[in-house]
file start.cif (mmCIF, C-alpha atoms)
data_final
#
loop_
_atom_site.group_PDB
_atom_site.id
_atom_site.type_symbol
_atom_site.label_atom_id
_atom_site.label_comp_id
_atom_site.auth_asym_id
_atom_site.auth_seq_id
_atom_site.Cartn_x
_atom_site.Cartn_y
_atom_site.Cartn_z
ATOM 1 C CA MET A 1 0.000 0.000 0.000
ATOM 2 C CA VAL A 2 1.231 3.476 -0.837
ATOM 3 C CA ASN A 3 2.485 5.610 2.056
ATOM 4 C CA LEU A 4 1.147 9.169 2.116
ATOM 5 C CA GLU A 5 4.563 10.373 3.294
ATOM 6 C CA TRP A 6 5.932 9.308 -0.089
ATOM 7 C CA PHE A 7 3.604 11.829 -1.732
ATOM 8 C CA ARG A 8 4.607 14.539 0.748
ATOM 9 C CA THR A 9 8.275 13.839 -0.023
ATOM 10 C CA PHE A 10 7.611 13.818 -3.774
ATOM 11 C CA LYS A 11 5.872 17.204 -3.490
ATOM 12 C CA ALA A 12 8.810 18.665 -1.552
ATOM 13 C CA ILE A 13 11.330 17.392 -4.128
ATOM 14 C CA TYR A 14 9.220 18.768 -6.978
ATOM 15 C CA GLU A 15 9.012 22.210 -5.350
ATOM 16 C CA THR A 16 12.649 22.459 -4.164
ATOM 17 C CA GLY A 17 14.294 20.670 -7.087
ATOM 18 C CA SER A 18 16.650 18.583 -4.959
ATOM 19 C CA LEU A 19 16.846 15.849 -2.338
ATOM 20 C CA THR A 20 18.733 18.190 -0.021
ATOM 21 C CA GLY A 21 16.117 20.933 -0.311
ATOM 22 C CA ALA A 22 13.299 18.458 0.308
ATOM 23 C CA ALA A 23 15.093 17.050 3.375
ATOM 24 C CA GLU A 24 15.504 20.565 4.818
ATOM 25 C CA ALA A 25 11.861 21.439 4.128
ATOM 26 C CA LEU A 26 10.592 18.250 5.758
ATOM 27 C CA PHE A 27 13.171 18.184 8.597
ATOM 28 C CA VAL A 28 14.219 14.620 7.717
ATOM 29 C CA SER A 29 17.443 13.014 6.522
ATOM 30 C CA GLN A 30 18.455 13.024 2.862
ATOM 31 C CA PRO A 31 18.677 9.195 2.770
ATOM 32 C CA GLY A 32 15.094 9.109 4.040
ATOM 33 C CA VAL A 33 13.991 11.393 1.201
ATOM 34 C CA SER A 34 15.820 9.244 -1.323
ATOM 35 C CA LEU A 35 14.179 6.102 0.067
ATOM 36 C CA HIS A 36 10.691 7.630 -0.156
ATOM 37 C CA LEU A 37 11.266 8.678 -3.761
ATOM 38 C CA SER A 38 12.584 5.303 -4.885
ATOM 39 C CA SER A 39 9.679 3.566 -3.098
ATOM 40 C CA LEU A 40 7.129 5.809 -4.832
ATOM 41 C CA GLU A 41 8.738 5.322 -8.246
ATOM 42 C CA ALA A 42 8.667 1.565 -7.699
ATOM 43 C CA TYR A 43 5.008 1.778 -6.717
ATOM 44 C CA VAL A 44 3.864 3.851 -9.726
ATOM 45 C CA GLY A 45 6.152 1.988 -12.142
ATOM 46 C CA TYR A 46 7.937 4.902 -13.818
ATOM 47 C CA LYS A 47 10.517 7.626 -13.210
ATOM 48 C CA LEU A 48 9.260 10.830 -11.645
ATOM 49 C CA PHE A 49 12.464 12.882 -12.013
ATOM 50 C CA ASP A 50 15.431 13.085 -14.373
ATOM 51 C CA ARG A 51 18.718 13.608 -12.545
ATOM 52 C CA THR A 52 20.937 16.424 -13.791
ATOM 53 C CA SER A 53 24.187 17.774 -12.347
ATOM 54 C CA ARG A 54 22.410 20.650 -10.601
ATOM 55 C CA LYS A 55 18.877 19.552 -9.800
ATOM 56 C CA LEU A 56 16.120 17.012 -10.231
ATOM 57 C CA VAL A 57 13.848 17.844 -13.154
ATOM 58 C CA SER A 58 10.342 16.430 -13.177
ATOM 59 C CA THR A 59 9.368 14.055 -15.964
ATOM 60 C CA GLU A 60 6.078 14.555 -17.774
ATOM 61 C CA ARG A 61 4.510 11.817 -15.672
ATOM 62 C CA GLY A 62 5.914 13.512 -12.580
ATOM 63 C CA LYS A 63 4.205 16.751 -13.575
ATOM 64 C CA VAL A 64 0.904 14.933 -14.027
ATOM 65 C CA LEU A 65 1.245 13.296 -10.612
ATOM 66 C CA TYR A 66 2.128 16.614 -8.932
ATOM 67 C CA ASN A 67 -0.865 18.418 -10.444
ATOM 68 C CA TYR A 68 -3.086 15.572 -9.325
ATOM 69 C CA ILE A 69 -1.995 15.439 -5.676
ATOM 70 C CA GLN A 70 -0.785 18.932 -4.730
ATOM 71 C CA GLU A 71 -4.208 20.390 -3.879
ATOM 72 C CA ALA A 72 -5.153 17.398 -1.735
ATOM 73 C CA LEU A 73 -1.814 17.479 0.114
ATOM 74 C CA ALA A 74 -2.128 21.221 0.717
ATOM 75 C CA LYS A 75 -5.541 20.583 2.254
ATOM 76 C CA LEU A 76 -4.143 17.859 4.508
ATOM 77 C CA GLU A 77 -1.268 20.107 5.615
ATOM 78 C CA GLU A 78 -3.744 22.866 6.407
ATOM 79 C CA ALA A 79 -5.798 20.438 8.494
ATOM 80 C CA GLU A 80 -2.650 19.263 10.263
ATOM 81 C CA GLN A 81 -1.754 22.824 11.274
ATOM 82 C CA HIS A 82 -5.303 23.683 12.294
ATOM 83 C CA PHE A 83 -5.852 20.654 14.529
ATOM 84 C CA HIS A 84 -2.337 20.313 15.919
ATOM 85 C CA ARG A 85 -2.419 20.217 19.709
ATOM 86 C CA SER A 86 -0.431 22.959 21.361
ATOM 87 C CA THR A 87 1.133 22.870 24.819
ATOM 88 C CA GLU A 88 0.032 26.481 25.238
ATOM 89 C CA LYS A 89 -3.530 27.442 26.059
ATOM 90 C CA GLU A 90 -4.945 28.695 22.782
ATOM 91 C CA ARG A 91 -7.565 31.387 22.331
ATOM 92 C CA PRO A 92 -10.856 29.952 21.081
ATOM 93 C CA THR A 93 -11.836 30.913 17.540
ATOM 94 C CA ILE A 94 -15.467 31.674 16.728
ATOM 95 C CA SER A 95 -16.689 31.832 13.130
ATOM 96 C CA ILE A 96 -19.735 34.032 12.537
ATOM 97 C CA GLY A 97 -21.847 34.533 9.415
ATOM 98 C CA MET A 98 -23.880 37.671 8.692
ATOM 99 C CA CYS A 99 -24.349 40.326 6.051
ATOM 100 C CA PHE A 100 -21.669 43.010 5.732
ATOM 101 C CA GLU A 101 -23.876 45.859 6.922
ATOM 102 C CA THR A 102 -25.011 43.985 10.035
ATOM 103 C CA PHE A 103 -21.375 43.429 10.979
ATOM 104 C CA GLN A 104 -20.377 47.019 10.377
ATOM 105 C CA PHE A 105 -23.286 48.550 12.290
ATOM 106 C CA THR A 106 -23.161 46.216 15.299
ATOM 107 C CA LEU A 107 -20.133 44.010 15.920
ATOM 108 C CA GLU A 108 -17.205 45.745 14.245
ATOM 109 C CA SER A 109 -16.355 48.219 17.017
ATOM 110 C CA TYR A 110 -16.533 45.490 19.688
ATOM 111 C CA LEU A 111 -13.959 43.111 18.187
ATOM 112 C CA PRO A 112 -10.997 44.455 20.242
ATOM 113 C CA THR A 113 -12.908 43.756 23.483
ATOM 114 C CA PHE A 114 -13.224 39.989 22.993
ATOM 115 C CA ASN A 115 -10.777 37.544 24.593
ATOM 116 C CA PHE A 116 -11.242 35.081 21.726
ATOM 117 C CA ASN A 117 -10.550 35.092 17.995
ATOM 118 C CA VAL A 118 -13.362 35.987 15.586
ATOM 119 C CA ILE A 119 -13.670 35.078 11.908
ATOM 120 C CA ILE A 120 -16.445 36.902 10.037
ATOM 121 C CA LYS A 121 -17.873 35.398 6.863
ATOM 122 C CA PHE A 122 -20.205 37.265 4.504
ATOM 123 C CA GLY A 123 -22.469 35.397 2.114
ATOM 124 C CA ASP A 124 -26.060 34.549 1.275
ATOM 125 C CA TYR A 125 -28.273 33.036 3.939
ATOM 126 C CA PRO A 126 -28.758 29.523 2.456
ATOM 127 C CA GLU A 127 -24.964 29.152 2.268
ATOM 128 C CA MET A 128 -24.585 30.368 5.868
ATOM 129 C CA LEU A 129 -27.178 27.859 7.097
ATOM 130 C CA SER A 130 -25.379 25.041 5.318
ATOM 131 C CA ASP A 131 -22.001 26.132 6.738
ATOM 132 C CA LEU A 132 -23.478 26.341 10.241
ATOM 133 C CA ASP A 133 -24.847 22.822 9.982
ATOM 134 C CA ALA A 134 -21.493 21.585 8.640
ATOM 135 C CA GLY A 135 -19.560 23.132 11.547
ATOM 136 C CA ILE A 136 -17.795 25.748 9.407
ATOM 137 C CA LEU A 137 -19.653 28.523 11.230
ATOM 138 C CA ASP A 138 -20.547 28.653 14.937
ATOM 139 C CA LEU A 139 -23.152 31.428 14.850
ATOM 140 C CA ILE A 140 -25.138 33.198 12.150
ATOM 141 C CA ILE A 141 -27.390 36.251 12.132
ATOM 142 C CA THR A 142 -30.205 35.443 9.741
ATOM 143 C CA PRO A 143 -33.786 36.365 8.782
ATOM 144 C CA GLN A 144 -34.191 32.897 7.277
ATOM 145 C CA LYS A 145 -34.527 29.482 8.890
ATOM 146 C CA GLY A 146 -33.526 26.259 7.165
ATOM 147 C CA ASP A 147 -34.658 22.672 7.578
ATOM 148 C CA TYR A 148 -31.681 21.443 9.608
ATOM 149 C CA PRO A 149 -32.588 19.312 12.662
ATOM 150 C CA ALA A 150 -29.279 20.040 14.435
ATOM 151 C CA LEU A 151 -29.735 23.827 14.347
ATOM 152 C CA HIS A 152 -31.453 26.104 16.854
ATOM 153 C CA TYR A 153 -32.982 29.512 16.050
ATOM 154 C CA GLU A 154 -33.504 32.217 18.671
ATOM 155 C CA PRO A 155 -35.450 35.337 17.602
ATOM 156 C CA PHE A 156 -33.964 38.540 19.001
ATOM 157 C CA SER A 157 -35.011 41.502 16.860
ATOM 158 C CA LYS A 158 -37.043 42.683 13.888
ATOM 159 C CA GLU A 159 -36.082 44.782 10.910
ATOM 160 C CA ARG A 160 -38.505 46.800 8.818
ATOM 161 C CA ILE A 161 -37.736 47.721 5.217
ATOM 162 C CA VAL A 162 -38.467 51.441 4.808
ATOM 163 C CA VAL A 163 -37.780 54.465 2.641
ATOM 164 C CA VAL A 164 -35.307 56.825 4.284
ATOM 165 C CA GLY A 165 -33.937 60.141 3.092
ATOM 166 C CA GLY A 166 -31.172 62.581 3.840
ATOM 167 C CA ALA A 167 -31.964 65.391 6.289
ATOM 168 C CA LYS A 168 -31.914 67.957 3.477
ATOM 169 C CA THR A 169 -34.463 66.102 1.345
ATOM 170 C CA ASP A 170 -37.488 68.338 0.786
ATOM 171 C CA THR A 171 -40.517 66.282 1.848
ATOM 172 C CA SER A 172 -42.955 69.165 2.314
ATOM 173 C CA GLY A 173 -44.948 68.099 -0.737
ATOM 174 C CA PHE A 174 -45.030 64.431 0.196
ATOM 175 C CA ALA A 175 -47.188 64.643 3.349
ATOM 176 C CA PRO A 176 -50.356 65.846 1.551
ATOM 177 C CA ILE A 177 -49.818 63.216 -1.162
ATOM 178 C CA LEU A 178 -49.624 60.499 1.475
ATOM 179 C CA LYS A 179 -52.718 61.852 3.180
ATOM 180 C CA HIS A 180 -54.601 61.735 -0.111
ATOM 181 C CA GLY A 181 -53.439 58.133 -0.554
ATOM 182 C CA ASP A 182 -53.297 57.982 -4.346
ATOM 183 C CA LYS A 183 -50.710 55.347 -5.275
ATOM 184 C CA GLN A 184 -49.875 56.910 -8.619
ATOM 185 C CA GLU A 185 -49.209 60.297 -7.014
ATOM 186 C CA ILE A 186 -46.993 58.639 -4.411
ATOM 187 C CA GLN A 187 -45.059 56.824 -7.140
ATOM 188 C CA ASP A 188 -44.651 59.992 -9.171
ATOM 189 C CA TRP A 189 -43.249 61.931 -6.209
ATOM 190 C CA LEU A 190 -40.861 59.153 -5.224
ATOM 191 C CA LYS A 191 -39.562 58.708 -8.772
ATOM 192 C CA LYS A 192 -38.729 62.430 -9.036
ATOM 193 C CA GLN A 193 -36.250 62.175 -6.150
ATOM 194 C CA LEU A 194 -32.567 61.261 -6.237
ATOM 195 C CA TRP A 195 -32.132 57.570 -5.413
ATOM 196 C CA TYR A 196 -29.285 55.510 -4.008
ATOM 197 C CA GLY A 197 -28.781 51.801 -4.639
ATOM 198 C CA THR A 198 -26.086 49.160 -4.213
ATOM 199 C CA THR A 199 -24.078 47.284 -6.803
ATOM 200 C CA GLY A 200 -24.970 43.789 -5.639
ATOM 201 C CA ASP A 201 -28.418 43.912 -4.053
ATOM 202 C CA MET A 202 -31.561 45.722 -5.215
ATOM 203 C CA GLU A 203 -33.825 43.163 -3.529
ATOM 204 C CA HIS A 204 -35.102 45.535 -0.833
ATOM 205 C CA LEU A 205 -36.145 48.147 -3.393
ATOM 206 C CA ARG A 206 -37.788 45.551 -5.656
ATOM 207 C CA ARG A 207 -39.709 43.914 -2.779
ATOM 208 C CA PHE A 208 -40.861 47.224 -1.342
ATOM 209 C CA TRP A 209 -42.001 48.539 -4.713
ATOM 210 C CA HIS A 210 -43.794 45.347 -5.718
ATOM 211 C CA LEU A 211 -45.603 45.018 -2.386
ATOM 212 C CA ASN A 212 -46.828 48.625 -2.369
ATOM 213 C CA PHE A 213 -47.374 49.265 -6.068
ATOM 214 C CA GLY A 214 -47.854 45.787 -7.512
ATOM 215 C CA LYS A 215 -44.972 46.004 -9.971
ATOM 216 C CA ARG A 216 -41.219 46.250 -10.256
ATOM 217 C CA PRO A 217 -39.604 49.692 -10.007
ATOM 218 C CA ASP A 218 -39.403 51.221 -13.489
ATOM 219 C CA PHE A 219 -36.438 53.481 -12.718
ATOM 220 C CA LYS A 220 -32.775 53.133 -11.894
ATOM 221 C CA PRO A 221 -31.042 54.716 -8.884
ATOM 222 C CA ASN A 222 -29.009 57.816 -9.640
ATOM 223 C CA TYR A 223 -26.089 56.662 -7.506
ATOM 224 C CA ILE A 224 -24.855 53.078 -7.264
ATOM 225 C CA VAL A 225 -22.536 52.530 -4.293
ATOM 226 C CA PRO A 226 -20.769 49.427 -2.912
ATOM 227 C CA ASN A 227 -23.117 48.633 -0.004
ATOM 228 C CA MET A 228 -25.852 49.954 2.273
ATOM 229 C CA SER A 229 -23.302 51.359 4.709
ATOM 230 C CA SER A 230 -22.184 53.665 1.901
ATOM 231 C CA ILE A 231 -25.787 54.672 1.284
ATOM 232 C CA VAL A 232 -26.249 55.704 4.911
ATOM 233 C CA ARG A 233 -23.032 57.734 4.875
ATOM 234 C CA CYS A 234 -23.972 59.443 1.596
ATOM 235 C CA LEU A 235 -27.462 60.320 2.796
ATOM 236 C CA SER A 236 -26.347 61.637 6.194
ATOM 237 C CA GLY A 237 -26.800 65.377 6.154
ATOM 238 C CA GLY A 238 -27.562 65.398 2.429
ATOM 239 C CA GLU A 239 -30.516 64.641 0.199
ATOM 240 C CA GLY A 240 -31.864 61.639 -1.667
ATOM 241 C CA LEU A 241 -33.792 58.447 -0.921
ATOM 242 C CA ALA A 242 -33.082 54.745 -0.428
ATOM 243 C CA VAL A 243 -34.918 51.605 0.656
ATOM 244 C CA ILE A 244 -33.020 49.916 3.492
ATOM 245 C CA PRO A 245 -33.649 48.007 6.761
ATOM 246 C CA ASP A 246 -34.479 50.572 9.445
ATOM 247 C CA PHE A 247 -31.895 49.337 11.972
ATOM 248 C CA LEU A 248 -29.045 50.277 9.618
ATOM 249 C CA SER A 249 -29.883 53.961 10.029
ATOM 250 C CA MET A 250 -31.112 53.862 13.643
ATOM 251 C CA LYS A 251 -28.341 56.078 15.041
ATOM 252 C CA GLN A 252 -28.586 58.564 12.186
ATOM 253 C CA LEU A 253 -32.374 58.759 12.607
ATOM 254 C CA GLU A 254 -31.880 59.572 16.280
ATOM 255 C CA ARG A 255 -29.330 62.280 15.411
ATOM 256 C CA GLY A 256 -31.548 63.745 12.712
ATOM 257 C CA THR A 257 -29.029 63.364 9.866
ATOM 258 C CA ILE A 258 -31.416 60.919 8.168
ATOM 259 C CA LYS A 259 -35.203 60.914 8.311
ATOM 260 C CA LEU A 260 -37.876 58.302 7.809
ATOM 261 C CA ILE A 261 -39.780 59.080 4.607
ATOM 262 C CA TRP A 262 -42.302 56.252 4.310
ATOM 263 C CA GLU A 263 -42.913 52.796 5.751
ATOM 264 C CA GLY A 264 -45.233 51.834 2.898
ATOM 265 C CA HIS A 265 -48.941 50.991 2.774
ATOM 266 C CA LYS A 266 -47.907 47.435 3.525
ATOM 267 C CA HIS A 267 -44.970 46.721 5.793
ATOM 268 C CA ILE A 268 -42.057 44.416 5.035
ATOM 269 C CA GLU A 269 -40.821 43.126 8.371
ATOM 270 C CA ASN A 270 -38.267 40.407 8.992
ATOM 271 C CA THR A 271 -37.530 38.591 12.234
ATOM 272 C CA LEU A 272 -33.811 38.250 12.896
ATOM 273 C CA TYR A 273 -32.533 35.053 14.503
ATOM 274 C CA PHE A 274 -29.406 33.855 16.209
ATOM 275 C CA GLY A 275 -28.669 30.569 14.459
ATOM 276 C CA THR A 276 -26.496 28.058 16.329
ATOM 277 C CA ARG A 277 -25.942 24.327 16.503
ATOM 278 C CA LYS A 278 -27.798 22.673 19.352
ATOM 279 C CA LYS A 279 -24.507 21.285 20.646
ATOM 280 C CA THR A 280 -21.511 23.611 20.794
ATOM 281 C CA ILE A 281 -18.353 23.978 22.864
ATOM 282 C CA TYR A 282 -18.425 27.762 22.455
ATOM 283 C CA GLU A 283 -21.465 28.654 24.567
ATOM 284 C CA ASN A 284 -19.617 31.333 26.559
ATOM 285 C CA GLU A 285 -18.154 33.052 23.495
ATOM 286 C CA ILE A 286 -21.470 32.929 21.619
ATOM 287 C CA ARG A 287 -23.222 34.425 24.654
ATOM 288 C CA GLN A 288 -20.862 37.438 24.527
ATOM 289 C CA ILE A 289 -21.569 37.957 20.828
ATOM 290 C CA LYS A 290 -25.325 37.764 21.457
ATOM 291 C CA GLU A 291 -25.049 40.386 24.209
ATOM 292 C CA VAL A 292 -23.559 42.850 21.718
ATOM 293 C CA PHE A 293 -26.434 42.365 19.270
ATOM 294 C CA LEU A 294 -29.045 42.655 22.007
ATOM 295 C CA LYS A 295 -27.424 45.903 23.140
ATOM 296 C CA GLU A 296 -27.151 47.395 19.654
ATOM 297 C CA MET A 297 -30.357 46.210 17.996
ATOM 298 C CA VAL A 298 -33.059 45.679 20.633
#

call {"tool": "encode", "arguments": {"input": "start.cif", "output": "structure tokens"}}
result
Amino acid sequence: MVNLEWFRTFKAIYETGSLTGAAEALFVSQPGVSLHLSSLEAYVGYKLFDRTSRKLVSTERGKVLYNYIQEALAKLEEAEQHFHRSTEKERPTISIGMCFETFQFTLESYLPTFNFNVIIKFGDYPEMLSDLDAGILDLIITPQKGDYPALHYEPFSKERIVVVGGAKTDTSGFAPILKHGDKQEIQDWLKKQLWYGTTGDMEHLRRFWHLNFGKRPDFKPNYIVPNMSSIVRCLSGGEGLAVIPDFLSMKQLERGTIKLIWEGHKHIENTLYFGTRKKTIYENEIRQIKEVFLKEMV
């Protein structure tokens, strides 16, 4: 049976170009490297390197073998480093999934206060749920629940999708239109304003427009920015409109740099959940993360 160390030695020889270099990289003796190579060549039935005066040059079959195994070996080496037991007490590492804006508006400023490592992953919610179930993530902040028996969902807050505007946006003509309640007049006023949107996600605008007017928005935002955090910064103290979750502009609404324009005839409201596995060794660390969200969002 083939020995996996033979492949590790072969990879080191391929990358260093010599038996000596491979021995130094692997912290083993040169005769040991030579033995592994000869054993692997005997096993596969052909030469893997041509010997020259200066270095070992891979044969074509050696190149094929290297390309076939190098990714798998790199993965094994990564696992070896990750799970290697240390004599020192290591800081726990917690992996958390959420959207970028949620991280920036809640957790970002608290990271230096934690006595454990934190890895933040951004992605779509179905992917986060799958990663949580697989053990890649330890906690997710999500408005969606998946059908995973090993996961637990704890509701902690709600977000409402609303139209907000910069403090300098002239809304004096909008109040009487709202009072009159004519949908076409409301649409016409909204479409005359300057609008902000994001490069990757217009879902909030599309959902809000379809729910309140029964169709997709028939206009494009004037300004396309990287994310909703950028929208909030651009609107603060200025003018223009955007459809965003209300919690993202909570502090600015309190300061008066952004104002609530309209919640819609029909409200879009999402419940936010802490998603965790039912069994976890990081209960204390997850509790600290939850406390931050409860402080910032509830």

call {"tool": "resolve_selection", "arguments": {"input": "start.cif", "expression": "the PyMOL selection byres ((chain A and resi 96) around 6)", "output": "list in words"}}
result
Ser95, Gly97, Ile120, Leu137, Asp138, Leu139 and Ile140 of chain A

call {"tool": "closest_residue", "arguments": {"input": "start.cif", "among": "A:Ser236, A:Ser229, A:Ser39, A:Ser53", "to": "Thr106 (chain A)", "atoms": "all atoms listed in the file"}}
result
A:Ser229

call {"tool": "atom_distance", "arguments": {"input": "start.cif", "atom1": "CA of Lys279 (chain A)", "atom2": "CA of Glu296 (chain A)"}}
result
26.3 Å

call {"tool": "residues_around", "arguments": {"input": "start.cif", "residues": "region 108-119 of chain A", "least_positions_apart": "2", "cutoff": "9 Å", "atoms": "only C-alpha atoms", "output": "list of chain:residue names"}}
result
A:Arg91, A:Pro92, A:Thr93, A:Ile94, A:Ser95, A:Ile96, A:Gly97, A:Phe103, A:Gln104, A:Phe105, A:Thr106, A:Lys121, A:Leu137, A:Glu285, A:Gln288, A:Ile289, A:Val292

call {"tool": "atom_distance", "arguments": {"input": "start.cif", "atom1": "CA of Thr171 (chain A)", "atom2": "CA of Lys183 (chain A)"}}
result
16.6 Å

call {"tool": "atom_distance", "arguments": {"input": "start.cif", "atom1": "CA of Ile136 (chain A)", "atom2": "CA of Glu269 (chain A)"}}
result
28.9 Å

call {"tool": "resolve_selection", "arguments": {"input": "start.cif", "expression": "the PyMOL selection byres ((chain A and resi 246) around 10)", "output": "PyMOL selection string"}}
result
chain A and resi 158-164+243-245+247-251+253+260+263+269

call {"tool": "resolve_selection", "arguments": {"input": "start.cif", "expression": "the PyMOL selection byres ((chain A and resi 66) around 12)", "output": "list in words"}}
result
Phe7, Arg8, Thr9, Phe10, Lys11, Ala12, Ile13, Tyr14, Glu15, Leu48, Phe49, Ser58, Thr59, Glu60, Arg61, Gly62, Lys63, Val64, Leu65, Asn67, Tyr68, Ile69, Gln70, Glu71, Ala72, Leu73 and Ala74 of chain A

call {"tool": "residues_around", "arguments": {"input": "start.cif", "residues": "region 30-32 of chain A", "least_positions_apart": "2", "cutoff": "10 Å", "atoms": "all atoms listed in the file", "output": "PyMOL selection string"}}
result
chain A and resi 9+18-24+26-28+34-37

call {"tool": "write_last_selection", "arguments": {"input": "start.cif", "atoms": "C-alpha atoms", "output": "mmCIF file, in the coordinates of the input"}}
result
data_model
loop_
_atom_site.group_PDB
_atom_site.id
_atom_site.type_symbol
_atom_site.label_atom_id
_atom_site.label_comp_id
_atom_site.auth_asym_id
_atom_site.auth_seq_id
_atom_site.Cartn_x
_atom_site.Cartn_y
_atom_site.Cartn_z
ATOM 1 C CA THR A 9 8.275 13.839 -0.023
ATOM 2 C CA SER A 18 16.650 18.583 -4.959
ATOM 3 C CA LEU A 19 16.846 15.849 -2.338
ATOM 4 C CA THR A 20 18.733 18.190 -0.021
ATOM 5 C CA GLY A 21 16.117 20.933 -0.311
ATOM 6 C CA ALA A 22 13.299 18.458 0.308
ATOM 7 C CA ALA A 23 15.093 17.050 3.375
ATOM 8 C CA GLU A 24 15.504 20.565 4.818
ATOM 9 C CA LEU A 26 10.592 18.250 5.758
ATOM 10 C CA PHE A 27 13.171 18.184 8.597
ATOM 11 C CA VAL A 28 14.219 14.620 7.717
ATOM 12 C CA SER A 34 15.820 9.244 -1.323
ATOM 13 C CA LEU A 35 14.179 6.102 0.067
ATOM 14 C CA HIS A 36 10.691 7.630 -0.156
ATOM 15 C CA LEU A 37 11.266 8.678 -3.761
#

call {"tool": "closest_residue", "arguments": {"input": "start.cif", "among": "A:Leu132, A:Leu205, A:Leu235, A:Leu211", "to": "Thr169 (chain A)", "atoms": "all atoms listed in the file"}}
result
A:Leu235
